[in-house]
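First comes the structure, then the notes that go with it.
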Amino acid sequence: MSFTGLRALLPKHDLRALLILAAIIIIVMPLFLDIFRLNLVGKYLTYAFVALGLVLCWGLGGILSLGQGVFFGLGGYCMAMFLKLEASSPEQTAIQSTPGIPDFMDWNQLTELPWFWEPFHSLSFTLLAVIAVPALFAFIIGVAMFKRRVGGVYFAIITQAIAAILTILIIGQQGYTGGVNGITDLRTLLGWDIRTNSAQYILYFINAILLFACLLAAQVIRKSKLGRLLVAMREREDRVRFSGYDVANFKIFVFCIAAVFSAIGGAMFTLQVGFMSPSFVGIVPSIEMVIYCAVGGRLSIFGAIYGTLLVNWAKTIFSESFPELWLFAMGALFIGVVMAFPNGLADLYQSYALPWLKKQRLRLPARLGGVKTPQKTTK
Amino acid sequence: MFSEYSMTELTSIFAMQGFAGLLLFSVFVLMALGLAIIFGQMGVINMAHGEFMILGAYVTYLTSLFFSNYLPSLFGGYFFVAMILAFIATFTLGAFVEWAMIRHLYKRPLDTLLATWGLSLILQQTYRTVFGAREVGVTLPDWLMGSYAITDLIEVPINGIFVMVLTLFITFCVYLLMQKSKLGKQTRAVVQNRAMAGAVGINTEKVDRYTFGIGCGIAGVAGSAFTMIGSTGPTSGQLYIVDTFLVVVFGGASNLLGTVAAAFTISQAQSTMEFFLSGSSAKVLTLLTVVIILMLRPQGLFTLKIRR
């Protein structure tokens with residue numbers, strides 16, 4: 001890409017925001033946090049993938065999906081199935097009545113691996129499935145809904161119902177999915193122990209790099225004609241349709257992209273945390289993921305990441321010290337963000353912090369001015 | 001799958017499952033009626049609807065405690081007092097919520113969804129702090145205990161019959177309220193054309209507040225009835241909220257009759273399948289069917305033909 005193209009893609013303020021975010025995630029966090037906390041941050045960042053998808057889908061496109069946990073879960077489960085199969089080689093599971101199948105299947109009296117588990121012996125198939133399965137699922141939902149012009153509130157309710165259905169299905173089919181405990185006790189990836197400290201550092205950085213790749217992809221979409229069309233559709237769908245665009249196709253596309261982002265997050269979650277369970281699929285986690293995005297700013301891809309980190313950090317702090325207060329805080333956050341700051345932290349920064357910083361810079365003598373480190377980033 | 005049962009057994013299985021289905025139907029209808037008013041008429045997504053219902057259940061629980069401690073002679077009739085108190089409590093809270101929150105968000109339905117979800121979290125935690133995390137149940141008065149045997153194999157519990165009768169009664173009242181009363185007519189006028197309704201002298205803000213309050217009040221009465229057949233915990237409301245929304249959407253959001261029909265279909269399908277499949281598969285199959293039908297027919301089963 002030429003320099004001017006790059007400039008158009010990443011204007012000065014976006015580039016600055018990107019560099020600051022990169023500095024925080026890649027340099028500051030690993031330097032100042034011990035591995036336990038860093039692993040937590042890594043876990044939070046996997047939710048940031050979902051929030052990023054929601055910025056595109058909800059912030060730009062106006063399509064609120066309350067089922068992003070479904071895609072997070074599908075990605076995570078695909079990865080977990082591969083890791084579980086590796087962890088249940090015949091030697092390691094010799095004490096079972098049927099060696100070579102995952103332990104929970106043995107507990108549920110299954111005697112052979114179900115057919116849909118078979119391909120997950122292969123890593124390349126798994127990596128493909130992490131992307132393809134959620135994308136296909138999102139495509140089917142998207143075609144069925146958007147082609148028939150179901151949108152807005154109805155779409156939200158139906159995606160929520162799908163999240164509920166998938167959770168009940170996973171919990172009910174214990175022998176095939178591990179039930180309510182999920183798929184646990186994951187150890188190695190191609191013989192590489194993912195539970196050691198060094199592995200967790202490496203996974204953290206892989207996660208960060210993938211996040212920035214998704215961030216750039218989101219930025220490309222945002223700055224492209226597609227991004228502008230999405231905004232136009234959000235504001236006046238009819239006019240876009242009358243201008244000759246097939247609105248449904250754009251919606252399906254952005255919904256699939258959001259699903260793929262979530263799935264990547266889910267797969268990285270499984271790798272970093274070492275298990276996957278239906279508690280990350282259902283209605284409650286799916287709505288929580290929406291609030292990460294809303295707190296950061298539904299229009300800002302950088303804001304969504306800060307929002308995710310902030311809400312999760314607050315959740316950890318609250319649950320460690322005052323567990324009973326957390327739901328109050330969370331509820332207040334939902335109401336407060338929606339009522340008072342519909343565009344989240346990014347908007348606060350834009351309207352208050354940025355003008356204040358500019359004023360400070362003007363006031364400072366020229367030799368000190370120029371270099372500032374804003375706390376929150378721009379849109 | 002039918003071969004191992006004899007004909008009479010099959011009949012009684014269907015009758016018993018049908019009765020269980022009717023009970024589920026009553027719960028669905030009770031919850032969905034309030035939602036049909038709030039969502040169907042006003043277009044507001046109230047995710048805290050389940051928590052309003054639970055508030056009604058807790059009010060009933062408190063009333064039953066009060067009666068058994070201070071007025072044991074009148075215990076048989078506490079339920080009717082409790083129902084009225086539950087309505088008043090939830091109506092008041094509902095009207096307050098409308099005033100404080102919902103009225104600022106009428107133009108942003110998706111944001112209402114998030115805000116009311118926040119409200120539901122706060123209410124849940126409040127219940128947990130006040131009443132404890134354990135489920136509580138009320139003591140049924142004597143005349144609701146026991147069951148009524150129709151044949152040797154078919155037996156129906158009396159509290160179940162009572163809840164069904166109550167459901168019919170409440171549905172009838174809601175129908176009268178929406179179709180015949182002044183408030184109902186005003187509500188429908190405001191829904192159809194807010195500006196014109198205002199122009200002919202209807203106080204639209206007041207109508208909104210009462211409508212929302214009544215929707216919540218019906219949820220409270222539903223919660224009150226719910227205590228007759230199940231116990232109440234802080235998160236009981238959340239279990240039903242998605243089903244209820246599906247019922248309302250499936251029935252065609254703005255149609256009370258459709259809501260009742262949808263509740264009937266979904267509950268009967270679910271409870272009949274429950275006997276032959278596991279409970280979770282029956283639920284998955286039912287919900288999936290509903291979702292697929294909604295994808296094919298987004299406007300729901302019954303729709304009013306209104307020019308907008």
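Each chain in the structure tokens gets a letter, A, B, ..., in the order shown, and its residues are numbered from 1; ligands are numbered from 1 in order too.
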Open item on the list: Select, as an NGL selection string, those residues of chain A with any atom no more than 8 Å from chain B (distances computed using only C-alpha atoms).
Closed with: :A and (64 or 144-145 or 148 or 150 or 152-154 or 157-158 or 160-162 or 164-166 or 168-169 or 172 or 287 or 291 or 324 or 327-328 or 330-336 or 338-339)
Would you save the residues of that selection, restricted to C-alpha atoms, as a compact mmCIF listing (two decimals), in the first residue's frame?
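The result, stored in result-v4.txt:
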```
# COMPACT_ATOMS: atom_id res chain seq x y z
CA LEU A 64 -27.28 -5.46 17.90
CA ALA A 144 -32.30 -16.10 7.10
CA MET A 145 -32.81 -12.88 9.02
CA ARG A 148 -36.31 -11.16 5.20
CA VAL A 150 -35.69 -8.82 10.24
CA GLY A 152 -33.36 -4.22 15.26
CA VAL A 153 -35.11 -5.53 18.30
CA TYR A 154 -36.31 -8.76 16.69
CA ILE A 157 -34.21 -11.31 20.64
CA ILE A 158 -33.68 -14.08 18.15
CA GLN A 160 -30.45 -14.18 22.27
CA ALA A 161 -32.71 -17.19 21.84
CA ILE A 162 -30.02 -18.85 19.74
CA ALA A 164 -30.00 -19.89 24.96
CA ILE A 165 -30.57 -22.83 22.62
CA LEU A 166 -26.87 -23.52 22.18
CA ILE A 168 -29.08 -25.82 26.66
CA LEU A 169 -27.82 -28.07 23.89
CA GLY A 172 -27.86 -31.38 27.72
CA ILE A 287 -24.96 -9.37 26.98
CA ILE A 291 -21.52 -3.76 27.68
CA GLU A 324 -22.04 -8.79 46.49
CA LEU A 327 -23.90 -6.96 40.25
CA PHE A 328 -24.99 -3.56 41.55
CA MET A 330 -22.58 -3.87 36.68
CA GLY A 331 -26.25 -2.93 36.63
CA ALA A 332 -25.45 0.70 37.30
CA LEU A 333 -22.89 0.56 34.51
CA PHE A 334 -25.47 -0.69 32.03
CA ILE A 335 -27.95 2.00 32.99
CA GLY A 336 -25.37 4.76 33.36
CA VAL A 338 -26.91 3.97 28.14
CA MET A 339 -28.54 6.97 29.81
```
Pick out the residues sitting within 12 Å of Phe66 of chain B, and hand them over as a CSV table (one decimal) with C-alpha atoms, in the first residue's frame; count only C-alpha atoms, and ignore anything fewer than 4 positions along from it in its own chain.
```
chain,number,residue,atom,x,y,z
B,59,VAL,CA,-44.5,-9.8,48.0
B,60,THR,CA,-46.8,-12.9,48.1
B,61,TYR,CA,-44.2,-14.7,50.3
B,62,LEU,CA,-44.0,-11.8,52.7
B,70,TYR,CA,-50.4,-12.5,62.9
B,71,LEU,CA,-53.7,-13.5,61.3
B,72,PRO,CA,-53.7,-17.3,61.2
B,73,SER,CA,-57.5,-17.4,61.2
B,74,LEU,CA,-57.6,-15.7,57.8
B,75,PHE,CA,-54.7,-17.7,56.3
B,78,TYR,CA,-54.1,-14.5,52.2
B,79,PHE,CA,-53.5,-15.2,48.5
B,81,VAL,CA,-54.6,-9.9,49.5
B,82,ALA,CA,-51.2,-10.9,48.3
B,138,VAL,CA,-45.0,-20.2,50.4
B,139,THR,CA,-47.2,-22.5,52.5
```
Open item on the list: So that I can check the surroundings of Trp313 of chain A, please list as a list in words every protein, DNA and RNA residue that reaches within 10 Å of it, counting only C-alpha atoms and ignoring chain neighbours fewer than 4 positions away.
Closed with: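 My list of contacting residues is Leu40, Val41, Tyr44, Gly307, Thr308, Leu309, Ile317, Phe318 and Ser319 of chain A.
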Using the selection just defined, write its residues with C-alpha atoms as a PDB file, in the first residue's frame.
```pdb
ATOM      1  CA  LEU A  40      -5.788 -12.365  33.280  1.00  0.00           C
ATOM      2  CA  VAL A  41      -5.201  -9.418  30.954  1.00  0.00           C
ATOM      3  CA  TYR A  44      -9.711  -9.959  28.998  1.00  0.00           C
ATOM      4  CA  GLY A 307     -13.736  -0.613  27.674  1.00  0.00           C
ATOM      5  CA  THR A 308     -13.220  -4.380  27.776  1.00  0.00           C
ATOM      6  CA  LEU A 309     -10.063  -4.041  29.850  1.00  0.00           C
ATOM      7  CA  ILE A 317     -11.331  -6.099  41.684  1.00  0.00           C
ATOM      8  CA  PHE A 318     -14.957  -6.058  42.813  1.00  0.00           C
ATOM      9  CA  SER A 319     -15.369  -9.809  42.846  1.00  0.00           C
TER      10      SER A 319
END
```
Open item on the list: Taking 5 positions as the minimum chain separation for residues in the same chain, which residues sit within 8 Å of Leu55 of chain B when counting only C-alpha atoms? Answer as a count of residues only.
Closed with: 5
Task: A:Ala156, A:Val231, A:Leu6, A:Met289 ranked by distance to Met47 of chain B, top pick (using only C-alpha atoms) - done: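 Closest to Met47 of chain B, using only C-alpha atoms: A:Ala156.
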Task: Residue with smallest distance to Thr196 of chain A - pool A:Asn312, A:Gln272, A:Ser351, A:Asn181, counting only C-alpha atoms - done: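 Counting only C-alpha atoms, the residue closest to Thr196 of chain A is A:Gln272.
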Select from segment 72-248 of chain B everything DSSP, run on the backbone, classes as strand (DSSP E or B), then give the selection as an mmCIF file with N, CA and C atoms, in the first residue's frame.
```cif
data_model
loop_
_atom_site.group_PDB
_atom_site.id
_atom_site.type_symbol
_atom_site.label_atom_id
_atom_site.label_comp_id
_atom_site.auth_asym_id
_atom_site.auth_seq_id
_atom_site.Cartn_x
_atom_site.Cartn_y
_atom_site.Cartn_z
ATOM 1 N N VAL B 136 -37.248 -19.509 48.139
ATOM 2 C CA VAL B 136 -38.256 -19.562 49.198
ATOM 3 C C VAL B 136 -39.568 -20.036 48.588
ATOM 4 N N SER B 147 -54.930 -33.345 45.403
ATOM 5 C CA SER B 147 -55.182 -33.420 43.975
ATOM 6 C C SER B 147 -56.532 -34.073 43.734
ATOM 7 N N TYR B 148 -56.959 -33.943 42.527
ATOM 8 C CA TYR B 148 -58.287 -34.389 42.164
ATOM 9 C C TYR B 148 -58.141 -35.502 41.145
ATOM 10 N N ALA B 149 -58.645 -36.699 41.476
ATOM 11 C CA ALA B 149 -58.467 -37.845 40.595
ATOM 12 C C ALA B 149 -59.619 -37.913 39.600
ATOM 13 N N GLU B 155 -54.521 -37.859 37.462
ATOM 14 C CA GLU B 155 -54.728 -37.094 38.682
ATOM 15 C C GLU B 155 -54.246 -35.678 38.440
ATOM 16 N N VAL B 156 -55.040 -34.696 38.857
ATOM 17 C CA VAL B 156 -54.569 -33.329 38.649
ATOM 18 C C VAL B 156 -54.509 -32.602 39.991
ATOM 19 N N PRO B 157 -53.395 -31.883 40.248
ATOM 20 C CA PRO B 157 -53.277 -31.144 41.504
ATOM 21 C C PRO B 157 -54.200 -29.922 41.524
ATOM 22 N N THR B 232 -39.455 -19.582 44.729
ATOM 23 C CA THR B 232 -38.956 -18.332 44.184
ATOM 24 C C THR B 232 -37.521 -18.091 44.618
#
```
Open item on the list: One decimal, in Å: what's the spacing between atom CA of Gly18 of chain B and atom CA of Met145 of chain B?
Closed with: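 Atom CA of Gly18 of chain B sits 20.7 Å away from atom CA of Met145 of chain B.
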Task: Atomic distance atom CA of Leu226 of chain A - atom CA of Ile206 of chain A, expressed in Å with one decimal - done: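 These atoms are spaced 28.5 Å apart.
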Open item on the list: Show me, as a ChimeraX atom specification, the residues that have an atom within 9 Å of Val180 of chain A when counting only C-alpha atoms, minus same-chain residues fewer than 4 positions from it.
Closed with: /A:167,170-172,174,277-279
Helix (DSSP H, G or I) positions in segment 43-226 of chain B, given as a tab-separated table (two decimals) with C-alpha atoms, in the first residue's frame:
```
chain	number	residue	atom	x	y	z
B	49	HIS	CA	-39.77	-8.27	33.29
B	50	GLY	CA	-38.82	-11.51	35.02
B	51	GLU	CA	-37.57	-9.57	38.01
B	52	PHE	CA	-40.86	-7.67	38.25
B	53	MET	CA	-42.56	-11.04	38.34
B	54	ILE	CA	-40.24	-12.22	41.10
B	55	LEU	CA	-41.00	-9.04	43.05
B	56	GLY	CA	-44.66	-10.10	42.97
B	57	ALA	CA	-43.64	-13.55	44.17
B	58	TYR	CA	-41.65	-12.14	47.07
B	59	VAL	CA	-44.52	-9.84	48.04
B	60	THR	CA	-46.75	-12.93	48.15
B	61	TYR	CA	-44.18	-14.72	50.27
B	62	LEU	CA	-44.03	-11.82	52.73
B	63	THR	CA	-47.83	-11.62	52.89
B	64	SER	CA	-48.08	-15.33	53.62
B	65	LEU	CA	-45.53	-14.93	56.42
B	66	PHE	CA	-47.47	-11.98	57.81
B	67	PHE	CA	-50.75	-13.88	57.75
B	68	SER	CA	-49.37	-17.05	59.29
B	69	ASN	CA	-47.76	-15.06	62.11
B	70	TYR	CA	-50.42	-12.47	62.90
B	72	PRO	CA	-53.65	-17.33	61.22
B	73	SER	CA	-57.47	-17.44	61.21
B	74	LEU	CA	-57.60	-15.69	57.85
B	75	PHE	CA	-54.72	-17.66	56.32
B	76	GLY	CA	-56.96	-19.36	53.76
B	77	GLY	CA	-57.58	-16.06	52.03
B	78	TYR	CA	-54.14	-14.51	52.16
B	79	PHE	CA	-53.52	-15.18	48.52
B	80	PHE	CA	-56.08	-12.66	47.31
B	81	VAL	CA	-54.62	-9.94	49.52
B	82	ALA	CA	-51.15	-10.90	48.31
B	83	MET	CA	-52.19	-10.61	44.69
B	84	ILE	CA	-53.46	-7.08	45.17
B	85	LEU	CA	-50.36	-6.09	47.12
B	86	ALA	CA	-48.16	-7.64	44.44
B	87	PHE	CA	-49.95	-5.63	41.77
B	88	ILE	CA	-49.58	-2.39	43.74
B	89	ALA	CA	-45.89	-2.98	44.44
B	90	THR	CA	-44.93	-3.85	40.89
B	91	PHE	CA	-47.14	-1.15	39.40
B	92	THR	CA	-45.45	1.46	41.57
B	93	LEU	CA	-41.97	0.24	40.76
B	94	GLY	CA	-42.86	-0.02	37.07
B	95	ALA	CA	-44.25	3.51	36.91
B	96	PHE	CA	-41.17	4.79	38.73
B	97	VAL	CA	-38.83	3.00	36.33
B	98	GLU	CA	-40.75	4.42	33.39
B	99	TRP	CA	-40.39	7.90	34.81
B	100	ALA	CA	-36.73	7.58	35.71
B	102	ILE	CA	-37.65	4.31	30.03
B	103	ARG	CA	-39.20	7.60	28.96
B	104	HIS	CA	-35.78	8.94	28.01
B	105	LEU	CA	-35.13	5.99	25.75
B	109	PRO	CA	-35.22	0.57	21.68
B	110	LEU	CA	-31.92	-1.32	21.68
B	111	ASP	CA	-30.61	0.90	24.44
B	112	THR	CA	-33.75	0.24	26.48
B	113	LEU	CA	-32.85	-3.41	26.26
B	114	LEU	CA	-29.41	-2.80	27.77
B	115	ALA	CA	-30.67	-0.41	30.44
B	116	THR	CA	-33.42	-2.76	31.60
B	117	TRP	CA	-30.91	-5.60	31.65
B	118	GLY	CA	-28.88	-3.46	34.05
B	119	LEU	CA	-32.02	-2.92	36.10
B	120	SER	CA	-32.60	-6.66	36.21
B	121	LEU	CA	-29.07	-7.23	37.56
B	122	ILE	CA	-29.63	-4.64	40.28
B	123	LEU	CA	-33.00	-6.12	41.24
B	124	GLN	CA	-31.56	-9.63	41.34
B	125	GLN	CA	-28.78	-8.60	43.66
B	126	THR	CA	-31.27	-6.68	45.82
B	127	TYR	CA	-33.37	-9.81	46.21
B	128	ARG	CA	-30.29	-11.81	47.04
B	129	THR	CA	-29.25	-9.30	49.69
B	130	VAL	CA	-32.71	-9.00	51.24
B	131	PHE	CA	-34.09	-12.53	50.95
B	142	ASP	CA	-55.47	-26.14	52.97
B	143	TRP	CA	-58.04	-25.72	50.25
B	144	LEU	CA	-55.31	-25.62	47.58
B	158	ILE	CA	-55.72	-28.55	42.78
B	159	ASN	CA	-53.21	-25.71	42.96
B	160	GLY	CA	-52.56	-26.27	39.24
B	161	ILE	CA	-56.26	-25.97	38.45
B	162	PHE	CA	-56.44	-22.83	40.57
B	163	VAL	CA	-53.55	-21.22	38.69
B	164	MET	CA	-55.22	-22.04	35.38
B	165	VAL	CA	-58.51	-20.53	36.44
B	166	LEU	CA	-56.62	-17.50	37.67
B	167	THR	CA	-54.83	-17.25	34.32
B	168	LEU	CA	-58.12	-17.31	32.46
B	169	PHE	CA	-59.49	-14.64	34.76
B	170	ILE	CA	-56.45	-12.37	34.41
B	171	THR	CA	-56.38	-12.81	30.65
B	172	PHE	CA	-60.03	-11.83	30.49
B	173	CYS	CA	-59.38	-8.76	32.64
B	174	VAL	CA	-56.44	-7.71	30.49
B	175	TYR	CA	-58.55	-8.17	27.38
B	176	LEU	CA	-61.30	-5.97	28.83
B	177	LEU	CA	-58.73	-3.43	29.94
B	178	MET	CA	-57.06	-3.14	26.56
B	179	GLN	CA	-60.16	-3.37	24.39
B	182	LYS	CA	-60.66	4.24	28.40
B	183	LEU	CA	-57.03	3.65	29.25
B	184	GLY	CA	-56.81	0.73	26.83
B	185	LYS	CA	-58.28	2.78	24.03
B	186	GLN	CA	-55.94	5.64	24.78
B	187	THR	CA	-52.97	3.29	24.84
B	188	ARG	CA	-53.84	1.88	21.46
B	189	ALA	CA	-54.38	5.35	20.10
B	190	VAL	CA	-50.96	6.44	21.32
B	191	VAL	CA	-49.36	3.36	19.82
B	192	GLN	CA	-50.96	3.90	16.45
B	194	ARG	CA	-48.53	9.39	18.96
B	195	ALA	CA	-48.76	12.86	17.47
B	196	MET	CA	-52.45	12.61	16.61
B	197	ALA	CA	-53.27	11.09	19.99
B	198	GLY	CA	-51.58	14.04	21.63
B	199	ALA	CA	-53.41	16.44	19.36
B	204	THR	CA	-49.41	10.66	26.06
B	205	GLU	CA	-46.78	10.76	28.81
B	206	LYS	CA	-49.32	9.77	31.41
B	207	VAL	CA	-50.65	6.99	29.20
B	208	ASP	CA	-47.13	5.68	28.71
B	209	ARG	CA	-46.52	5.63	32.44
B	210	TYR	CA	-49.76	3.84	33.24
B	211	THR	CA	-49.32	1.35	30.43
B	212	PHE	CA	-45.84	0.44	31.55
B	213	GLY	CA	-46.98	0.30	35.15
B	214	ILE	CA	-49.89	-1.98	34.32
B	215	GLY	CA	-47.66	-4.26	32.27
B	216	CYS	CA	-45.35	-4.57	35.26
B	217	GLY	CA	-48.33	-4.95	37.60
B	218	ILE	CA	-49.57	-7.92	35.58
B	219	ALA	CA	-46.09	-9.40	35.86
B	220	GLY	CA	-46.40	-8.97	39.63
B	221	VAL	CA	-49.73	-10.81	39.69
B	222	ALA	CA	-48.12	-13.50	37.55
B	223	GLY	CA	-45.35	-13.83	40.13
B	224	SER	CA	-47.96	-14.11	42.81
B	225	ALA	CA	-49.65	-16.97	40.96
B	226	PHE	CA	-46.26	-18.50	40.27
```
TODO: Give me, please, the distance in Å between atom CA of Leu52 of chain A and atom CA of Ala304 of chain A, quoted to one decimal.
DONE: 6.1 Å
